[in-house]
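File shown here: structure.tsv, holding TSV, C-alpha atoms.
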```tsv
chain	number	residue	atom	x	y	z
F	1	MET	CA	55.18	62.24	-70.59
F	2	THR	CA	57.82	61.31	-73.15
F	3	ILE	CA	59.58	58.03	-73.73
F	4	TRP	CA	62.94	59.67	-73.04
F	5	ASN	CA	61.74	61.07	-69.72
F	6	GLU	CA	60.52	57.60	-68.68
F	7	LEU	CA	63.98	56.17	-69.44
F	8	ALA	CA	65.94	59.10	-67.98
F	9	GLY	CA	68.72	58.01	-65.63
F	10	LEU	CA	68.47	54.39	-66.72
F	11	ASP	CA	71.36	52.53	-68.32
F	12	PHE	CA	69.90	50.63	-71.26
F	13	GLU	CA	70.92	49.23	-74.61
F	14	LEU	CA	68.92	49.49	-77.83
F	15	THR	CA	70.24	46.85	-80.17
F	16	THR	CA	69.41	44.37	-82.92
F	17	VAL	CA	69.51	40.66	-82.13
F	18	ASP	CA	69.66	37.93	-84.78
F	19	ALA	CA	66.74	35.70	-83.78
F	20	GLY	CA	66.89	32.72	-86.09
F	21	GLY	CA	67.78	34.92	-89.04
F	22	VAL	CA	65.24	37.65	-88.20
F	23	PRO	CA	66.87	40.95	-87.12
F	24	THR	CA	65.00	41.84	-83.94
F	25	ARG	CA	65.00	45.26	-82.27
F	26	SER	CA	65.50	44.93	-78.53
F	27	LEU	CA	65.70	47.33	-75.60
F	28	GLN	CA	67.56	45.77	-72.68
F	29	ALA	CA	68.07	47.15	-69.19
F	30	GLY	CA	68.73	45.99	-65.63
F	31	SER	CA	70.96	43.19	-64.37
F	32	GLY	CA	68.87	40.91	-62.16
F	33	ASP	CA	69.24	37.14	-61.99
F	34	GLU	CA	65.89	36.69	-63.74
F	35	ALA	CA	64.64	38.19	-67.00
F	36	VAL	CA	61.32	39.78	-67.89
F	37	ILE	CA	60.28	39.91	-71.57
F	38	PHE	CA	57.71	42.50	-72.65
F	39	LEU	CA	55.61	41.71	-75.74
F	40	HIS	CA	53.39	44.35	-77.38
F	41	GLY	CA	50.10	44.09	-79.28
F	42	THR	CA	49.07	43.98	-82.94
F	43	SER	CA	50.94	46.60	-85.01
F	44	GLY	CA	52.71	47.77	-81.83
F	45	HIS	CA	56.36	48.14	-80.84
F	46	LEU	CA	58.58	48.13	-77.76
F	47	GLU	CA	57.85	51.77	-76.87
F	48	ALA	CA	54.51	50.51	-75.54
F	49	PHE	CA	56.34	49.57	-72.33
F	50	ALA	CA	58.35	52.77	-71.80
F	51	ARG	CA	56.74	53.26	-68.38
F	52	ASN	CA	57.32	49.70	-67.24
F	53	ILE	CA	60.98	49.26	-68.11
F	54	ALA	CA	62.69	51.34	-65.41
F	55	PRO	CA	60.71	50.02	-62.40
F	56	HIS	CA	61.29	46.42	-63.46
F	57	ALA	CA	64.97	47.01	-64.27
F	58	GLU	CA	65.60	47.71	-60.58
F	59	SER	CA	65.23	43.97	-59.86
F	60	TYR	CA	65.22	42.15	-63.20
F	61	ARG	CA	66.97	41.97	-66.54
F	62	VAL	CA	64.38	43.55	-68.83
F	63	HIS	CA	63.91	42.91	-72.53
F	64	ALA	CA	61.29	44.78	-74.57
F	65	ILE	CA	61.26	43.64	-78.19
F	66	ASP	CA	59.59	44.41	-81.48
F	67	MET	CA	57.91	41.11	-82.33
F	68	LEU	CA	58.05	39.32	-85.68
F	69	GLY	CA	56.96	41.63	-88.52
F	70	HIS	CA	56.49	44.59	-86.16
F	71	GLY	CA	58.30	47.82	-85.39
F	72	TYR	CA	61.85	47.70	-86.71
F	73	THR	CA	62.15	43.92	-86.55
F	74	GLY	CA	62.48	41.91	-89.77
F	75	LYS	CA	59.36	41.32	-91.83
F	76	PRO	CA	59.61	38.02	-93.74
F	77	ASP	CA	56.97	37.46	-96.39
F	78	TYR	CA	54.61	34.87	-94.87
F	79	PRO	CA	51.47	35.12	-92.70
F	80	TYR	CA	52.32	35.88	-89.08
F	81	GLU	CA	50.41	33.15	-87.27
F	82	ILE	CA	50.94	32.34	-83.60
F	83	PRO	CA	53.38	29.42	-84.08
F	84	ARG	CA	55.56	31.79	-86.17
F	85	TYR	CA	55.52	34.38	-83.37
F	86	VAL	CA	56.36	31.68	-80.81
F	87	GLU	CA	59.22	30.38	-82.94
F	88	HIS	CA	60.61	33.90	-83.25
F	89	LEU	CA	60.33	34.49	-79.50
F	90	VAL	CA	62.09	31.21	-78.70
F	91	ASN	CA	64.82	32.05	-81.21
F	92	TYR	CA	65.24	35.41	-79.49
F	93	LEU	CA	65.52	33.79	-76.04
F	94	ASP	CA	68.10	31.35	-77.36
F	95	ALA	CA	70.07	34.14	-79.06
F	96	VAL	CA	70.37	36.14	-75.82
F	97	GLY	CA	71.01	33.07	-73.68
F	98	LEU	CA	67.79	32.95	-71.64
F	99	ASP	CA	66.47	29.54	-70.58
F	100	ARG	CA	63.54	30.59	-68.33
F	101	VAL	CA	61.83	33.97	-68.29
F	102	HIS	CA	58.88	35.94	-66.99
F	103	LEU	CA	56.60	36.92	-69.89
F	104	VAL	CA	54.46	40.07	-69.90
F	105	GLY	CA	52.28	40.27	-73.00
F	106	GLU	CA	49.70	42.85	-74.04
F	107	SER	CA	46.96	41.85	-76.51
F	108	LEU	CA	48.73	39.87	-79.27
F	109	GLY	CA	51.78	39.67	-77.00
F	110	GLY	CA	49.70	37.92	-74.35
F	111	TRP	CA	48.37	35.49	-76.95
F	112	VAL	CA	51.92	34.59	-77.97
F	113	ALA	CA	53.14	34.36	-74.36
F	114	ALA	CA	50.29	32.05	-73.32
F	115	TYR	CA	50.83	29.84	-76.36
F	116	LEU	CA	54.51	29.45	-75.53
F	117	ALA	CA	53.67	28.74	-71.88
F	118	SER	CA	51.34	25.93	-73.01
F	119	GLU	CA	53.87	24.40	-75.41
F	120	GLN	CA	57.14	24.85	-73.52
F	121	PRO	CA	56.20	25.31	-69.84
F	122	GLU	CA	59.79	24.74	-68.74
F	123	ARG	CA	60.77	28.09	-70.28
F	124	VAL	CA	58.22	30.28	-68.48
F	125	LEU	CA	58.67	31.39	-64.87
F	126	SER	CA	55.47	33.42	-64.80
F	127	LEU	CA	52.89	34.83	-67.18
F	128	GLN	CA	51.18	38.22	-67.15
F	129	LEU	CA	48.41	38.65	-69.73
F	130	LEU	CA	47.38	42.28	-70.27
F	131	ALA	CA	44.11	42.42	-72.22
F	132	ALA	CA	45.39	39.32	-74.01
F	133	GLY	CA	43.82	38.26	-77.28
F	134	GLY	CA	43.38	34.83	-78.76
F	135	THR	CA	40.57	33.19	-76.80
F	136	VAL	CA	37.65	34.33	-79.00
F	137	ALA	CA	36.98	35.12	-82.65
F	138	ASN	CA	34.62	38.09	-82.65
F	139	PRO	CA	34.09	39.22	-86.27
F	140	VAL	CA	33.13	42.76	-85.22
F	141	VAL	CA	36.31	43.24	-83.18
F	142	MET	CA	38.44	41.58	-85.85
F	143	GLU	CA	37.07	43.89	-88.53
F	144	ARG	CA	37.67	46.91	-86.27
F	145	ILE	CA	41.32	45.96	-85.80
F	146	LYS	CA	41.86	45.13	-89.47
F	147	THR	CA	40.15	48.20	-90.90
F	148	SER	CA	41.60	50.78	-88.49
F	149	THR	CA	45.14	49.43	-88.91
F	150	ALA	CA	45.02	49.04	-92.70
F	151	LYS	CA	43.64	52.56	-93.18
F	152	ALA	CA	46.40	54.07	-91.03
F	153	VAL	CA	49.11	52.14	-92.86
F	154	GLN	CA	47.83	52.76	-96.38
F	155	SER	CA	47.35	56.51	-95.96
F	156	ASP	CA	49.86	59.26	-95.14
F	157	ASP	CA	47.22	61.02	-93.03
F	158	ILE	CA	48.63	60.99	-89.49
F	159	GLU	CA	45.13	61.50	-88.09
F	160	LEU	CA	44.35	57.91	-89.06
F	161	THR	CA	47.34	56.76	-87.02
F	162	ARG	CA	46.14	58.92	-84.14
F	163	ALA	CA	42.67	57.38	-84.36
F	164	ARG	CA	44.19	53.89	-84.32
F	165	MET	CA	46.16	54.76	-81.18
F	166	GLN	CA	43.20	56.43	-79.46
F	167	LEU	CA	41.17	53.29	-80.01
F	168	LEU	CA	43.45	51.59	-77.47
F	169	MET	CA	43.07	54.18	-74.71
F	170	HIS	CA	40.24	54.94	-72.32
F	171	ASP	CA	41.28	58.61	-72.45
F	172	PRO	CA	42.18	59.65	-76.04
F	173	ALA	CA	44.65	62.20	-74.60
F	174	ASP	CA	46.85	59.28	-73.53
F	175	ALA	CA	47.73	58.75	-77.20
F	176	THR	CA	50.49	61.34	-76.89
F	177	GLU	CA	51.94	63.14	-79.88
F	178	GLU	CA	55.23	61.32	-79.38
F	179	LEU	CA	53.56	57.88	-79.47
F	180	VAL	CA	51.52	58.85	-82.52
F	181	GLN	CA	54.61	60.09	-84.36
F	182	ALA	CA	56.57	56.94	-83.46
F	183	ARG	CA	53.73	54.69	-84.65
F	184	HIS	CA	53.20	56.73	-87.84
F	185	ARG	CA	56.85	56.41	-88.80
F	186	ILE	CA	56.77	52.64	-88.23
F	187	TYR	CA	53.54	52.26	-90.20
F	188	HIS	CA	55.09	53.90	-93.25
F	189	GLN	CA	58.26	51.86	-93.60
F	190	PRO	CA	58.14	50.28	-97.08
F	191	ASP	CA	58.50	46.74	-95.71
F	192	PHE	CA	55.77	47.35	-93.11
F	193	VAL	CA	53.36	48.54	-95.80
F	194	ALA	CA	54.28	45.61	-98.06
F	195	ASN	CA	53.62	43.07	-95.29
F	196	ILE	CA	50.52	44.53	-93.64
F	197	HIS	CA	48.42	41.64	-95.00
F	198	ASN	CA	50.75	39.20	-93.23
F	199	LEU	CA	50.56	41.16	-89.97
F	200	LEU	CA	46.74	41.25	-90.10
F	201	SER	CA	46.30	37.59	-91.07
F	202	LEU	CA	45.01	36.70	-87.58
F	203	GLN	CA	42.01	38.96	-88.23
F	204	GLU	CA	40.82	36.54	-90.93
F	205	MET	CA	38.32	34.07	-89.46
F	206	GLU	CA	39.77	30.84	-90.87
F	207	VAL	CA	43.30	31.78	-89.81
F	208	ARG	CA	42.21	32.94	-86.37
F	209	GLN	CA	40.21	29.80	-85.66
F	210	ARG	CA	43.22	27.53	-86.12
F	211	ASN	CA	45.33	29.73	-83.83
F	212	LEU	CA	42.92	30.21	-80.92
F	213	LEU	CA	43.84	29.62	-77.29
F	214	ARG	CA	41.19	27.02	-76.53
F	215	PRO	CA	40.46	25.76	-72.99
F	216	ASP	CA	42.38	22.51	-73.51
F	217	ARG	CA	45.51	24.49	-74.41
F	218	MET	CA	45.05	26.96	-71.55
F	219	ALA	CA	44.80	24.01	-69.15
F	220	LEU	CA	48.38	23.08	-70.06
F	221	ILE	CA	49.79	26.33	-68.65
F	222	LYS	CA	51.74	25.62	-65.47
F	223	ALA	CA	53.29	29.03	-64.79
F	224	PRO	CA	51.77	31.36	-62.18
F	225	THR	CA	49.51	33.61	-64.26
F	226	LEU	CA	48.07	37.08	-63.75
F	227	VAL	CA	45.27	38.24	-66.07
F	228	VAL	CA	44.93	42.05	-66.25
F	229	TRP	CA	41.91	43.63	-67.95
F	230	GLY	CA	40.39	47.09	-68.44
F	231	GLN	CA	36.66	47.32	-67.85
F	232	GLU	CA	36.32	49.64	-70.86
F	233	ASN	CA	38.38	47.47	-73.20
F	234	PRO	CA	36.96	48.04	-76.73
F	235	PHE	CA	38.40	44.75	-78.00
F	236	GLY	CA	36.93	42.42	-75.37
F	237	ASP	CA	34.43	42.38	-72.52
F	238	VAL	CA	35.12	41.42	-68.90
F	239	PRO	CA	33.52	37.93	-69.23
F	240	GLU	CA	36.29	37.13	-71.73
F	241	ALA	CA	38.90	37.94	-69.07
F	242	LYS	CA	37.07	35.93	-66.42
F	243	LYS	CA	36.87	32.90	-68.70
F	244	MET	CA	40.58	33.23	-69.48
F	245	ALA	CA	41.43	33.23	-65.77
F	246	GLU	CA	39.14	30.25	-65.17
F	247	ASP	CA	40.74	28.20	-67.94
F	248	ILE	CA	44.31	28.71	-66.70
F	249	PRO	CA	44.99	26.67	-63.55
F	250	GLY	CA	45.40	28.93	-60.52
F	251	ALA	CA	45.30	32.19	-62.50
F	252	GLN	CA	44.66	35.50	-60.74
F	253	LEU	CA	42.42	38.18	-62.31
F	254	GLU	CA	42.84	41.94	-61.80
F	255	LEU	CA	40.26	44.35	-63.28
F	256	TYR	CA	40.86	48.08	-63.73
F	257	SER	CA	38.08	50.65	-63.95
F	258	GLU	CA	38.37	53.59	-66.39
F	259	CYS	CA	40.86	51.57	-68.41
F	260	GLY	CA	40.77	50.56	-72.07
F	261	HIS	CA	42.92	48.13	-74.02
F	262	TRP	CA	46.26	49.75	-73.14
F	263	PRO	CA	46.76	50.84	-69.48
F	264	GLN	CA	48.13	54.39	-69.26
F	265	HIS	CA	48.64	57.17	-66.68
F	266	GLU	CA	47.11	56.17	-63.31
F	267	GLN	CA	46.57	52.64	-64.54
F	268	ALA	CA	50.26	52.33	-65.45
F	269	ALA	CA	51.26	53.71	-62.04
F	270	LYS	CA	49.13	51.06	-60.35
F	271	TYR	CA	50.28	48.34	-62.69
F	272	ASN	CA	53.99	48.54	-61.92
F	273	PRO	CA	53.87	47.63	-58.20
F	274	LEU	CA	51.22	44.99	-58.89
F	275	SER	CA	53.43	43.48	-61.56
F	276	LEU	CA	56.53	43.54	-59.40
F	277	GLU	CA	54.73	42.00	-56.43
F	278	PHE	CA	53.43	39.21	-58.67
F	279	LEU	CA	56.88	38.60	-60.15
F	280	ALA	CA	58.41	38.37	-56.67
F	281	LYS	CA	55.84	35.80	-55.56
F	282	ALA	CA	56.26	33.81	-58.76
F	283	SER	CA	60.04	33.79	-58.32
F	284	ALA	CA	59.79	32.69	-54.70
F	285	GLY	CA	57.42	29.91	-55.67
F	286	ALA	CA	59.69	28.70	-58.46
F	287	LYS	CA	62.70	28.60	-56.13
F	288	ALA	CA	60.72	26.77	-53.45
F	289	SER	CA	59.71	24.07	-55.92
F	290	ILE	CA	63.31	23.35	-57.04
```

Would you put the structure from the file into structure tokens?
Amino acid sequence: MTIWNELAGLDFELTTVDAGGVPTRSLQAGSGDEAVIFLHGTSGHLEAFARNIAPHAESYRVHAIDMLGHGYTGKPDYPYEIPRYVEHLVNYLDAVGLDRVHLVGESLGGWVAAYLASEQPERVLSLQLLAAGGTVANPVVMERIKTSTAKAVQSDDIELTRARMQLLMHDPADATEELVQARHRIYHQPDFVANIHNLLSLQEMEVRQRNLLRPDRMALIKAPTLVVWGQENPFGDVPEAKKMAEDIPGAQLELYSECGHWPQHEQAAKYNPLSLEFLAKASAGAKASI
């Protein structure tokens, strides 16, 4: 598997969008009436969704972006807390002329997507939360994320980047050499290194507590919501996913066996049709309610 093979035969554009003054890397494909926005996890980048872009582009306008302070997007010097991520996402939607969208967020991306859905429900057609963070503050998990990321960024040793990637996967072999190389190059941009403390600010207990997705906020989400979780997720146990689905009105929960924090291989193959079926139902429901 390579990213280029996954995108082979697909017309797409890789561009930079000015999102409220933050240059934002964006991969766009497809031409459907509705748009799907893919949001990656902590220290990630848009390549995380290489397998998802082409299947969704058959029916939707797809946007996969590098979020605030991540990938090749701008890295302003302030802590990246959830309201900052939400502001950046809204600025991106406004810049590309999207009023209502489907949001698919993995880990941190799910946290941001759910927060936006609770604050501006009129902008979210549906919500898919893939191993989403933000509902708990587990100091062991937080330290694992902070330490593994900081070590990989602060050292030139690519094996530390590989270890950080393998932490996400149920099968370490799914952290392909191409993904490791792409992540290693991003990690060692001078502005990425300089702002790693801002990117990891949500792993500090005081900061995380004031950004959490608490039940009262989750209850405000009106969009049809799908919660996807791996049963071997090293960053959160299944009860966390079940509680998330319970706190969001009408949410659906899908659990995958032999799956870690980042669905790959067979899990990705199963995820695409599930995602597309959910999007179709959400779209039909939205149109019926108009």

Between CA of His170 in chain F and CA of Leu199 in chain F, what is the distance in Å, rounded to a tenth?
24.7 Å

Quick one: of F:Gly230, F:Gly109, F:Pro121, F:Pro139, who's nearest to Cys259 in chain F, counting all atoms listed in the file?
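Ranking F:Gly230, F:Gly109, F:Pro121, F:Pro139 by distance to Cys259 in chain F, first place goes to F:Gly230.
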
Neighbouring residues of range 234-250 of chain F were defined as those with any atom within 6 Å, considering all atoms listed in the file; residues of the same chain fewer than 5 positions away were excluded. Please report them as number ranges by chain.
F: 141, 215, 218-219

Dump of C-alpha atoms for the selected residues, as a PDB file, in the coordinates of the input:
```pdb
ATOM      1  CA  VAL F 141      36.310  43.240 -83.180  1.00  0.00           C
ATOM      2  CA  PRO F 215      40.460  25.760 -72.990  1.00  0.00           C
ATOM      3  CA  MET F 218      45.050  26.960 -71.550  1.00  0.00           C
ATOM      4  CA  ALA F 219      44.800  24.010 -69.150  1.00  0.00           C
TER       5      ALA F 219
END
```

Sphere at (40.5, 44.8, -88.7), radius 12 Å, counting only C-alpha atoms: residues as JSON, numbers by chain:
{"F": [42, 43, 137, 138, 139, 140, 141, 142, 143, 144, 145, 146, 147, 148, 149, 150, 151, 152, 164, 196, 197, 199, 200, 201, 202, 203, 204, 205, 235]}

So that I can see what lies close to range 59-73 of chain F, please list as a PDB file with C-alpha atoms, keeping the file's coordinate frame the residues with an atom at most 8 Å from it, counting all atoms listed in the file and leaving out residues fewer than 6 positions away in the same chain.
```pdb
ATOM      1  CA  VAL F  22      65.240  37.650 -88.200  1.00  0.00           C
ATOM      2  CA  PRO F  23      66.870  40.950 -87.120  1.00  0.00           C
ATOM      3  CA  THR F  24      65.000  41.840 -83.940  1.00  0.00           C
ATOM      4  CA  ARG F  25      65.000  45.260 -82.270  1.00  0.00           C
ATOM      5  CA  SER F  26      65.500  44.930 -78.530  1.00  0.00           C
ATOM      6  CA  LEU F  27      65.700  47.330 -75.600  1.00  0.00           C
ATOM      7  CA  GLN F  28      67.560  45.770 -72.680  1.00  0.00           C
ATOM      8  CA  ALA F  29      68.070  47.150 -69.190  1.00  0.00           C
ATOM      9  CA  GLY F  30      68.730  45.990 -65.630  1.00  0.00           C
ATOM     10  CA  SER F  31      70.960  43.190 -64.370  1.00  0.00           C
ATOM     11  CA  GLY F  32      68.870  40.910 -62.160  1.00  0.00           C
ATOM     12  CA  ASP F  33      69.240  37.140 -61.990  1.00  0.00           C
ATOM     13  CA  GLU F  34      65.890  36.690 -63.740  1.00  0.00           C
ATOM     14  CA  ALA F  35      64.640  38.190 -67.000  1.00  0.00           C
ATOM     15  CA  VAL F  36      61.320  39.780 -67.890  1.00  0.00           C
ATOM     16  CA  ILE F  37      60.280  39.910 -71.570  1.00  0.00           C
ATOM     17  CA  PHE F  38      57.710  42.500 -72.650  1.00  0.00           C
ATOM     18  CA  LEU F  39      55.610  41.710 -75.740  1.00  0.00           C
ATOM     19  CA  HIS F  40      53.390  44.350 -77.380  1.00  0.00           C
ATOM     20  CA  SER F  43      50.940  46.600 -85.010  1.00  0.00           C
ATOM     21  CA  GLY F  44      52.710  47.770 -81.830  1.00  0.00           C
ATOM     22  CA  HIS F  45      56.360  48.140 -80.840  1.00  0.00           C
ATOM     23  CA  LEU F  46      58.580  48.130 -77.760  1.00  0.00           C
ATOM     24  CA  PHE F  49      56.340  49.570 -72.330  1.00  0.00           C
ATOM     25  CA  ILE F  53      60.980  49.260 -68.110  1.00  0.00           C
ATOM     26  CA  TYR F  80      52.320  35.880 -89.080  1.00  0.00           C
ATOM     27  CA  ARG F  84      55.560  31.790 -86.170  1.00  0.00           C
ATOM     28  CA  TYR F  85      55.520  34.380 -83.370  1.00  0.00           C
ATOM     29  CA  HIS F  88      60.610  33.900 -83.250  1.00  0.00           C
ATOM     30  CA  LEU F  89      60.330  34.490 -79.500  1.00  0.00           C
ATOM     31  CA  ILE F 186      56.770  52.640 -88.230  1.00  0.00           C
ATOM     32  CA  PHE F 192      55.770  47.350 -93.110  1.00  0.00           C
ATOM     33  CA  ASN F 195      53.620  43.070 -95.290  1.00  0.00           C
ATOM     34  CA  LEU F 199      50.560  41.160 -89.970  1.00  0.00           C
TER      35      LEU F 199
END
```

I'd like the interatomic distance between CA of Arg185 in chain F and CA of Gln166 in chain F, to a tenth of an Å.
16.5 Å

Provide the CA of Asp77 in chain F to CA of Val193 in chain F distance in Å, to one decimal place.
11.7 Å

Neighbours of point (43.5, 53.0, -73.7) within 6 Å, using all atoms listed in the file, written as a VMD selection string:
chain F and resid 168 to 170 260 to 263

Output file for the selection above: C-alpha atoms, as a compact mmCIF listing (two decimals), in the coordinates of the input:
```txt
# COMPACT_ATOMS: atom_id res chain seq x y z
CA LEU F 168 43.45 51.59 -77.47
CA MET F 169 43.07 54.18 -74.71
CA HIS F 170 40.24 54.94 -72.32
CA GLY F 260 40.77 50.56 -72.07
CA HIS F 261 42.92 48.13 -74.02
CA TRP F 262 46.26 49.75 -73.14
CA PRO F 263 46.76 50.84 -69.48
```

Find the residues near Ala114 in chain F: any atom within 8 Å, counting only C-alpha atoms, skip ones fewer than 4 places away on the same chain, and give them as a ChimeraX atom specification.
/F:110,118,127,129,213,218,221

Which of these residues is nearest to Ile3 in chain F, using all atoms listed in the file: F:Glu58, F:Glu177, F:Asp94, F:Glu81?
F:Glu177

Quick one: of F:Gly285, F:Gly9, F:Pro224, F:Pro55, who's nearest to Ala117 in chain F, counting all atoms listed in the file?
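Looking at the shortest contact to Ala117 in chain F, the residue is F:Pro224.
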
Would you mind telling me which residue in F:Val101, F:Ala95, F:Leu276, F:Ala113 lies nearest to Pro83 in chain F when using all atoms listed in the file?
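The shortest atom-to-atom distance to Pro83 in chain F comes from F:Ala113.
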
Residues near Gly133 in chain F, cut-off 8 Å, only C-alpha atoms, skip fewer than 5 positions along chain, as a ChimeraX atom specification
/F:107-108,110-111

Some atoms are missing, so please complete range 180-197 of chain F with N, CA, C and O atoms and return it as a PDB file, in the frame of the given file.
```
ATOM      1  N   VAL F 180      52.139  58.808 -81.193  1.00  0.00           N
ATOM      2  CA  VAL F 180      51.520  58.850 -82.520  1.00  0.00           C
ATOM      3  C   VAL F 180      52.591  58.997 -83.601  1.00  0.00           C
ATOM      4  O   VAL F 180      52.566  58.305 -84.625  1.00  0.00           O
ATOM      5  N   GLN F 181      53.544  59.894 -83.381  1.00  0.00           N
ATOM      6  CA  GLN F 181      54.610  60.090 -84.360  1.00  0.00           C
ATOM      7  C   GLN F 181      55.457  58.835 -84.520  1.00  0.00           C
ATOM      8  O   GLN F 181      55.832  58.453 -85.643  1.00  0.00           O
ATOM      9  N   ALA F 182      55.776  58.169 -83.400  1.00  0.00           N
ATOM     10  CA  ALA F 182      56.570  56.940 -83.460  1.00  0.00           C
ATOM     11  C   ALA F 182      55.831  55.862 -84.236  1.00  0.00           C
ATOM     12  O   ALA F 182      56.407  55.169 -85.088  1.00  0.00           O
ATOM     13  N   ARG F 183      54.530  55.709 -83.964  1.00  0.00           N
ATOM     14  CA  ARG F 183      53.730  54.690 -84.650  1.00  0.00           C
ATOM     15  C   ARG F 183      53.576  55.025 -86.141  1.00  0.00           C
ATOM     16  O   ARG F 183      53.654  54.130 -86.988  1.00  0.00           O
ATOM     17  N   HIS F 184      53.378  56.313 -86.442  1.00  0.00           N
ATOM     18  CA  HIS F 184      53.200  56.730 -87.840  1.00  0.00           C
ATOM     19  C   HIS F 184      54.446  56.428 -88.662  1.00  0.00           C
ATOM     20  O   HIS F 184      54.352  55.960 -89.805  1.00  0.00           O
ATOM     21  N   ARG F 185      55.600  56.671 -88.076  1.00  0.00           N
ATOM     22  CA  ARG F 185      56.850  56.410 -88.800  1.00  0.00           C
ATOM     23  C   ARG F 185      57.013  54.905 -89.057  1.00  0.00           C
ATOM     24  O   ARG F 185      57.425  54.496 -90.151  1.00  0.00           O
ATOM     25  N   ILE F 186      56.682  54.087 -88.060  1.00  0.00           N
ATOM     26  CA  ILE F 186      56.770  52.640 -88.230  1.00  0.00           C
ATOM     27  C   ILE F 186      55.790  52.166 -89.306  1.00  0.00           C
ATOM     28  O   ILE F 186      56.135  51.355 -90.178  1.00  0.00           O
ATOM     29  N   TYR F 187      54.567  52.675 -89.247  1.00  0.00           N
ATOM     30  CA  TYR F 187      53.540  52.260 -90.200  1.00  0.00           C
ATOM     31  C   TYR F 187      53.938  52.519 -91.653  1.00  0.00           C
ATOM     32  O   TYR F 187      53.426  51.856 -92.556  1.00  0.00           O
ATOM     33  N   HIS F 188      54.801  53.495 -91.880  1.00  0.00           N
ATOM     34  CA  HIS F 188      55.090  53.900 -93.250  1.00  0.00           C
ATOM     35  C   HIS F 188      56.476  53.476 -93.730  1.00  0.00           C
ATOM     36  O   HIS F 188      56.959  53.980 -94.741  1.00  0.00           O
ATOM     37  N   GLN F 189      57.083  52.514 -93.038  1.00  0.00           N
ATOM     38  CA  GLN F 189      58.260  51.860 -93.600  1.00  0.00           C
ATOM     39  C   GLN F 189      57.805  51.032 -94.815  1.00  0.00           C
ATOM     40  O   GLN F 189      56.762  50.362 -94.755  1.00  0.00           O
ATOM     41  N   PRO F 190      58.561  51.047 -95.892  1.00  0.00           N
ATOM     42  CA  PRO F 190      58.140  50.280 -97.080  1.00  0.00           C
ATOM     43  C   PRO F 190      57.881  48.812 -96.796  1.00  0.00           C
ATOM     44  O   PRO F 190      56.898  48.244 -97.291  1.00  0.00           O
ATOM     45  N   ASP F 191      58.724  48.159 -95.966  1.00  0.00           N
ATOM     46  CA  ASP F 191      58.500  46.740 -95.710  1.00  0.00           C
ATOM     47  C   ASP F 191      57.306  46.494 -94.803  1.00  0.00           C
ATOM     48  O   ASP F 191      56.659  45.448 -94.873  1.00  0.00           O
ATOM     49  N   PHE F 192      56.971  47.470 -93.951  1.00  0.00           N
ATOM     50  CA  PHE F 192      55.770  47.350 -93.110  1.00  0.00           C
ATOM     51  C   PHE F 192      54.527  47.424 -93.986  1.00  0.00           C
ATOM     52  O   PHE F 192      53.607  46.611 -93.854  1.00  0.00           O
ATOM     53  N   VAL F 193      54.503  48.393 -94.884  1.00  0.00           N
ATOM     54  CA  VAL F 193      53.360  48.540 -95.800  1.00  0.00           C
ATOM     55  C   VAL F 193      53.208  47.287 -96.651  1.00  0.00           C
ATOM     56  O   VAL F 193      52.101  46.767 -96.830  1.00  0.00           O
ATOM     57  N   ALA F 194      54.320  46.776 -97.161  1.00  0.00           N
ATOM     58  CA  ALA F 194      54.280  45.610 -98.060  1.00  0.00           C
ATOM     59  C   ALA F 194      53.781  44.360 -97.342  1.00  0.00           C
ATOM     60  O   ALA F 194      53.206  43.472 -97.989  1.00  0.00           O
ATOM     61  N   ASN F 195      53.975  44.279 -96.026  1.00  0.00           N
ATOM     62  CA  ASN F 195      53.620  43.070 -95.290  1.00  0.00           C
ATOM     63  C   ASN F 195      52.423  43.239 -94.363  1.00  0.00           C
ATOM     64  O   ASN F 195      52.173  42.382 -93.511  1.00  0.00           O
ATOM     65  N   ILE F 196      51.639  44.303 -94.548  1.00  0.00           N
ATOM     66  CA  ILE F 196      50.520  44.530 -93.640  1.00  0.00           C
ATOM     67  C   ILE F 196      49.503  43.397 -93.721  1.00  0.00           C
ATOM     68  O   ILE F 196      48.857  43.038 -92.730  1.00  0.00           O
ATOM     69  N   HIS F 197      49.344  42.773 -94.884  1.00  0.00           N
ATOM     70  CA  HIS F 197      48.420  41.640 -95.000  1.00  0.00           C
ATOM     71  C   HIS F 197      48.897  40.455 -94.174  1.00  0.00           C
ATOM     72  O   HIS F 197      48.074  39.712 -93.622  1.00  0.00           O
TER      73      HIS F 197
END
```
